[in-house]
Amino acid sequence: MIIHRRTFVGGAGALLLSGFLSPASKVLAAEKGGTLTLGFTSETSSMDPHWHIVTPNNSVSQHLFDRLVHLDEKQGLVPGLALSWKPVDDQTWEFKLREGITFHDGSPFTADDVIFSAQRAQNVTGAIFNMRAYLSDKVFEKVDDLTLLVRTDAANPLVPNELSTTAILSKAVAEGAASADFNSGKAAIGTGPYKYVEYTPGAQVVLERNDAYWGDKPDWKRVVIKPLPAGGARVAALQSRNIDVIDNIPPADVAHLEGTAGLNLVKDVANRMVFLSMDQGRKVSPFVRAKDGSEIANVFLDRRVRQAIDLAIDKKAVATHILAGNGAAASQFVPEGIFGHNPDIPLKDADPEKAQSLLAEAGLADGFQLTIHGPNDRFIRDSAVVQAIAQMLTRIGITMQVDTMPGNVFYKRASSGGPEDGSEFSFFLVGYSAATGEVSGALRNVVHSVDKDRGLGSNNRTRYSNADVDALIEEGMRTIDDAKRLEIFQSACAMAIEDVAYIPLYYPVSVWGLQDSMTFAGRSDERTLAMDFHSAR
Amino acid sequence: MLASLLHRVFQAALILVAMTVIVFIGVNVIGNPVDILISPQADQAERARIIAELGLDQPLWRQYLAFVSNALQGDLGTSYIFNQPALEVILQRLPATLELAVFAMLIAILLGIPLGLYAGLRPESPISRTIMAGSILGFSLPTFWVGMLLIMVFAVQLGWLPNGGRGETVTVLGTQWSFLTVNGLTHLFLPALNLALFKTSLILRLTRAGVREVMPQNYIRLARAKGLSNRRIIFVHALKNVLIPVVTVVGLEFGSVIAFSVVTETIFAWPGMGKLIIDSINVLDRPIIVAYLMIIVVLFVVINLVVDVAYTLLDPRVRLDGTKGA
């Protein structure tokens, strides 16, 4: 091959230019013992672990503070500051604490710190999303420095799960401390694998490894967490290698990032369920009308209509086409791997013909008018999902209207504001998450009949009520034995799904993007923790 | 002068009161923060307890009176999201927004006025035509798109500049500023440029129009007849008159760049206060919304005052008491 001078010079120029233009790679990108930079979608609003329990706050607080019981990546229980726990009787649990644990300031950890933390977690003034739901039924009793009794008002099998929510603070440091003291670092003294270095609201959180940590030592000496709210900018930050890990890859970017060299995507099904709720509390429902617009009886009271709607919706198509892999079709209230999942409940294929014949059986062969409501800024592509459902229901002869609105307007109207103190809507899209890592929350708050006095059915917006299901849920709630409880909850789920209490649609899939110099197994609670990422080199 | 100042303070107070009333009614109509923020595990009794603790069970007029009496003592409420006084949350983020806004306006002024002058003085030259065509792009390209493009080119492809966030800061007078460090400036450049694009085009076009209007006027001819140098005619006699509308627009744009640069701040992950207001509206964090808008009202009143003072310096016919001299 003869190389002409001009081609050679041109080629060299192009080479030079391409070298000049190629992305400047960061030298220190996530080496073992180096700095790990995480990009979160939302900023951490407070360093106070007992204030506002949302994902970005939980993720950060988990670095600094341990809990008595930890949840692994599938939300199974593993020992945290408690070495072991067991029920003593129906209303008492005994926790044995780890010995020789010290806080970041060197002071020893004892049962007093647990009792103090449980008190404080319930009494931060103005905390809307607080820990009372998990702690208010419990009385803590110190036996000795390393033994603790937890007494509950009624039999409660979920004591370890519920205690996994509450960060343990140092009593000596945090007594009387306000949230501002955590933000400044003064009170942000825990026993966790990382120590507080800096918190600049909206800009960054900096943490440094606690080399005296009792558990596995994380790979990274320093962790920097930055909020990167815009999806495209988050992806750009990952591609430019300024950030090692980002959460919530936008659906539109999943495909092209999967083909990008040097990056890995990790997906995991989240413990949340997005579902359709159908008005079953009223004789006449405001957004159910006959074809000519006249008032008709509430069609959702007929189980065949609920079944027809369930069968008409192609959940798999919603998950693959609209959510582009950021959702997994749901058959029940919790995904596989979460306590309470019933493997015998099948994910049904859509069957519009059968749906139509069910409608005909219910005397609605001519169809009816229905409005579907949903938020348009809370879930991934939520308004597109709502529209697709409307189209699928149009196919079986229901005249659909779609109405989506911002979440801040939607939730008030979905929860109250309607006739008979119910939802203002008849048929709508909402979500529910199993924060304690098992199904009982969904059963107790969403499926159980509304019972204000006993605090049951608090999220049962459409007033589903089935005495048999209620009885099973209540039985499960007082069954301490895990195997028995699992069986009871599984049959409660099967019964509620059979009755089409709700239509589970999909479980959101969390998608993380990371440099391929590290490994990560994914998590079902949507948290992003430096401890879970390991250097591959 | 003093009378007009008092008049303005009174006006501002009226606007403040009206604005808080509107926000209170507006937020109340939209929804209830407890519905959005509460734990899905919480039962009905807990929900009622929180609503009572936050005072949201009270009739709206009573909530408003409580707010006013606290506000008079300097307490604008505590954020539902940050658990900090609303004013503190906002002021923490003000410096970042302020330096971004100032830099963006500086870029816009330093580019816009000279280019506008050139285009106005030589309207037929090809360079002027290019400038004017370019300004149409500056007007019409959406900020979020240009922002993404800047990131893709300068951060991802070329790797010259950081993709977002605020750089290193130094503390001066108890506040953190990033424009005093080299690292901070590199972080500041792209978002400031993105914000400046639209403003540059605006200033450029205003300047050009002003120059075209002023140059044929009699006093310019007189100045030429007196034999003044071209430079003195343009930069003293013409520019002063050209700048009057420009100053108005710069003032207003400066205010809006501080208050509403949400898109740029979001794309570049700039820890300013623009994004704060959107997030707060999404979760109905009323204390932040009220405090934010109050600050913005005060800001605009102050900016307008400064603009008016600038008028009197540029145009001796304008007096602050509102009467025009001979």
# chains A, B, ... in the order shown; residues from 1 in each chain; ligands from 1
$ closest_atom_pairs --of "chain B" --to "chain A" --cutoff "6 Å" --atoms "only C-alpha atoms" --output "tab-separated table"
residue	atom	partner	partner_atom	distance
B:Ile30	CA	A:Val409	CA	5.2
B:Gly31	CA	A:Lys412	CA	5.3
B:Asp35	CA	A:Lys412	CA	6.0
B:Leu37	CA	A:Phe129	CA	6.0
B:Ile38	CA	A:Phe129	CA	4.6
B:Ser39	CA	A:Phe129	CA	5.0
B:Gln41	CA	A:Ala133	CA	5.9
B:Ala42	CA	A:Ala133	CA	5.0
B:Asp43	CA	A:Gly455	CA	4.8
B:Gln44	CA	A:Gly455	CA	5.7
B:Phe82	CA	A:Ser45	CA	5.2
B:Val156	CA	A:Ser240	CA	4.5
B:Gln157	CA	A:Pro23	CA	5.3
B:Leu158	CA	A:Leu21	CA	4.8
B:Gly159	CA	A:Pro23	CA	4.8
B:Asn163	CA	A:Ala237	CA	5.9
B:Thr266	CA	A:Ala230	CA	5.7
B:Ile267	CA	A:Ala230	CA	5.1
B:Ala269	CA	A:Leu228	CA	5.2
B:Pro271	CA	A:Gly202	CA	4.8
B:Asn282	CA	A:Asn408	CA	5.7
$ write_last_selection --atoms "C-alpha atoms" --output "CSV table (one decimal), in the first residue's frame"
chain,number,residue,atom,x,y,z
B,30,ILE,CA,-54.5,22.5,44.7
B,31,GLY,CA,-54.3,20.0,47.5
B,35,ASP,CA,-51.8,13.6,51.1
B,37,LEU,CA,-45.9,13.3,51.8
B,38,ILE,CA,-47.4,11.0,54.3
B,39,SER,CA,-46.1,7.4,54.8
B,41,GLN,CA,-48.1,2.8,56.2
B,42,ALA,CA,-49.7,5.6,58.3
B,43,ASP,CA,-53.2,5.0,59.6
B,44,GLN,CA,-56.1,7.4,59.7
B,82,PHE,CA,-36.3,20.5,54.8
B,156,VAL,CA,-19.1,14.6,27.0
B,157,GLN,CA,-17.5,14.9,23.6
B,158,LEU,CA,-14.7,17.4,24.3
B,159,GLY,CA,-14.3,16.9,28.0
B,163,ASN,CA,-21.1,18.7,33.0
B,266,THR,CA,-32.1,21.7,36.6
B,267,ILE,CA,-30.1,20.7,33.5
B,269,ALA,CA,-27.6,20.6,38.5
B,271,PRO,CA,-27.8,24.3,43.5
B,282,ASN,CA,-44.9,19.7,43.4
$ residues_around --residues "segment 58-74 of chain B" --least-positions-apart "2" --cutoff "9 Å" --atoms "only C-alpha atoms" --output "number ranges by chain"
B: 20-21, 24-25, 28, 52, 55-56, 76-77
$ select_by_dssp --residues "segment 3-183 of chain A" --states "strand (DSSP E or B)" --output "NGL selection string"
:A and (35-40 or 69-71 or 77-79 or 82-89 or 92-97 or 102 or 108 or 138-144 or 147-152)
$ closest_residue --among "A:Gly422, A:Asp181, A:Met400, A:Ala212" --to "Gln84 of chain B" --atoms "only C-alpha atoms"
A:Asp181
$ atom_distance --atom1 "atom CA of Thr110 of chain A" --atom2 "atom CA of Phe140 of chain A"
13.1 Å
$ select_by_dssp --residues "segment 197-296 of chain A" --states "alpha helix (DSSP H)" --output "PyMOL selection string"
chain A and resi 231-239+251-258
$ write_last_selection --atoms "N, CA and C atoms" --output "short mmCIF file (atom, residue, chain, number, x, y, z; two decimals), in the first residue's frame"
data_model
loop_
_atom_site.label_atom_id
_atom_site.label_comp_id
_atom_site.auth_asym_id
_atom_site.auth_seq_id
_atom_site.Cartn_x
_atom_site.Cartn_y
_atom_site.Cartn_z
N GLY A 231 -32.78 14.13 33.72
CA GLY A 231 -32.41 12.80 33.25
C GLY A 231 -31.29 12.82 32.23
N GLY A 232 -31.43 13.68 31.21
CA GLY A 232 -30.42 13.74 30.17
C GLY A 232 -29.07 14.17 30.72
N ALA A 233 -29.08 15.12 31.63
CA ALA A 233 -27.83 15.61 32.21
C ALA A 233 -27.19 14.54 33.09
N ARG A 234 -28.04 13.73 33.74
CA ARG A 234 -27.52 12.65 34.58
C ARG A 234 -26.78 11.64 33.71
N VAL A 235 -27.39 11.30 32.59
CA VAL A 235 -26.76 10.35 31.68
C VAL A 235 -25.47 10.94 31.10
N ALA A 236 -25.52 12.24 30.77
CA ALA A 236 -24.32 12.88 30.23
C ALA A 236 -23.18 12.85 31.24
N ALA A 237 -23.53 13.04 32.52
CA ALA A 237 -22.50 13.02 33.56
C ALA A 237 -21.86 11.65 33.65
N LEU A 238 -22.66 10.61 33.48
CA LEU A 238 -22.13 9.25 33.52
C LEU A 238 -21.23 9.02 32.31
N GLN A 239 -21.69 9.47 31.14
CA GLN A 239 -20.92 9.26 29.93
C GLN A 239 -19.62 10.05 29.93
N PRO A 251 -36.16 5.95 30.52
CA PRO A 251 -36.46 4.86 29.59
C PRO A 251 -35.86 5.09 28.20
N ALA A 252 -35.88 6.34 27.74
CA ALA A 252 -35.41 6.61 26.38
C ALA A 252 -33.91 6.35 26.23
N ASP A 253 -33.17 6.36 27.34
CA ASP A 253 -31.71 6.20 27.25
C ASP A 253 -31.25 4.77 27.48
N VAL A 254 -32.17 3.91 27.93
CA VAL A 254 -31.76 2.55 28.31
C VAL A 254 -31.10 1.84 27.13
N ALA A 255 -31.75 1.88 25.97
CA ALA A 255 -31.25 1.10 24.83
C ALA A 255 -29.86 1.57 24.41
N HIS A 256 -29.66 2.89 24.26
CA HIS A 256 -28.37 3.32 23.72
C HIS A 256 -27.24 3.17 24.76
N LEU A 257 -27.59 3.24 26.06
CA LEU A 257 -26.55 3.05 27.06
C LEU A 257 -26.14 1.58 27.16
N GLU A 258 -27.09 0.69 26.87
CA GLU A 258 -26.75 -0.73 26.91
C GLU A 258 -25.68 -1.06 25.89
#
$ closest_residue --among "A:Ser61, A:Thr528, A:Ser449, A:Asn248" --to "Leu265 of chain A" --atoms "only C-alpha atoms"
A:Asn248
$ closest_residue --among "B:Ala291, B:Met19, B:Glu168, B:Gly272" --to "Leu180 of chain B" --atoms "only C-alpha atoms"
B:Glu168
$ residues_around --residues "Ala324 of chain A" --least-positions-apart "6" --cutoff "12 Å" --atoms "only C-alpha atoms" --output "number ranges by chain"
A: 249-255, 316-318, 380-381, 384-385, 508-509, 511
$ atom_distance --atom1 "atom CA of Ser465 of chain A" --atom2 "atom CA of Ile296 of chain A"
21.4 Å
$ atom_distance --atom1 "atom CA of Leu71 of chain A" --atom2 "atom CA of His341 of chain A"
17.1 Å
$ residues_around --residues "Ile488 of chain A" --least-positions-apart "6" --cutoff "8 Å" --atoms "only C-alpha atoms" --output "MDAnalysis selection string"
chainID A and resid 472:473 475:476
$ residues_around --residues "segment 166-173 of chain A" --least-positions-apart "5" --cutoff "7 Å" --atoms "only C-alpha atoms" --output "list in words"
Pro49, Phe65, Asp66, Arg67, Asp113, Val114, Phe116, Ser117, Ala187, Ile189 and Gly190 of chain A
$ residues_around --residues "segment 211-219 of chain B" --least-positions-apart "4" --cutoff "8 Å" --atoms "only C-alpha atoms" --output "PyMOL selection string"
chain B and resi 117+120-121+207+223+238-239+241-242
$ residues_around --residues "segment 189-199 of chain B" --least-positions-apart "6" --cutoff "6 Å" --atoms "only C-alpha atoms" --output "number ranges by chain"
B: 100, 103-104, 108, 138-139, 147
$ write_last_selection --atoms "C-alpha atoms" --output "compact mmCIF listing (two decimals), in the first residue's frame"
# COMPACT_ATOMS: atom_id res chain seq x y z
CA LEU B 100 -25.14 32.60 37.96
CA PHE B 103 -22.51 36.18 35.11
CA ALA B 104 -25.24 35.48 32.61
CA ALA B 108 -25.33 39.21 27.71
CA GLY B 138 -30.65 32.87 20.26
CA PHE B 139 -34.28 33.84 20.55
CA GLY B 147 -28.21 23.33 27.56
$ closest_residue --among "A:Gly340, A:Pro346, A:Gly262, A:Pro79" --to "Asp244 of chain A" --atoms "only C-alpha atoms"
A:Gly262
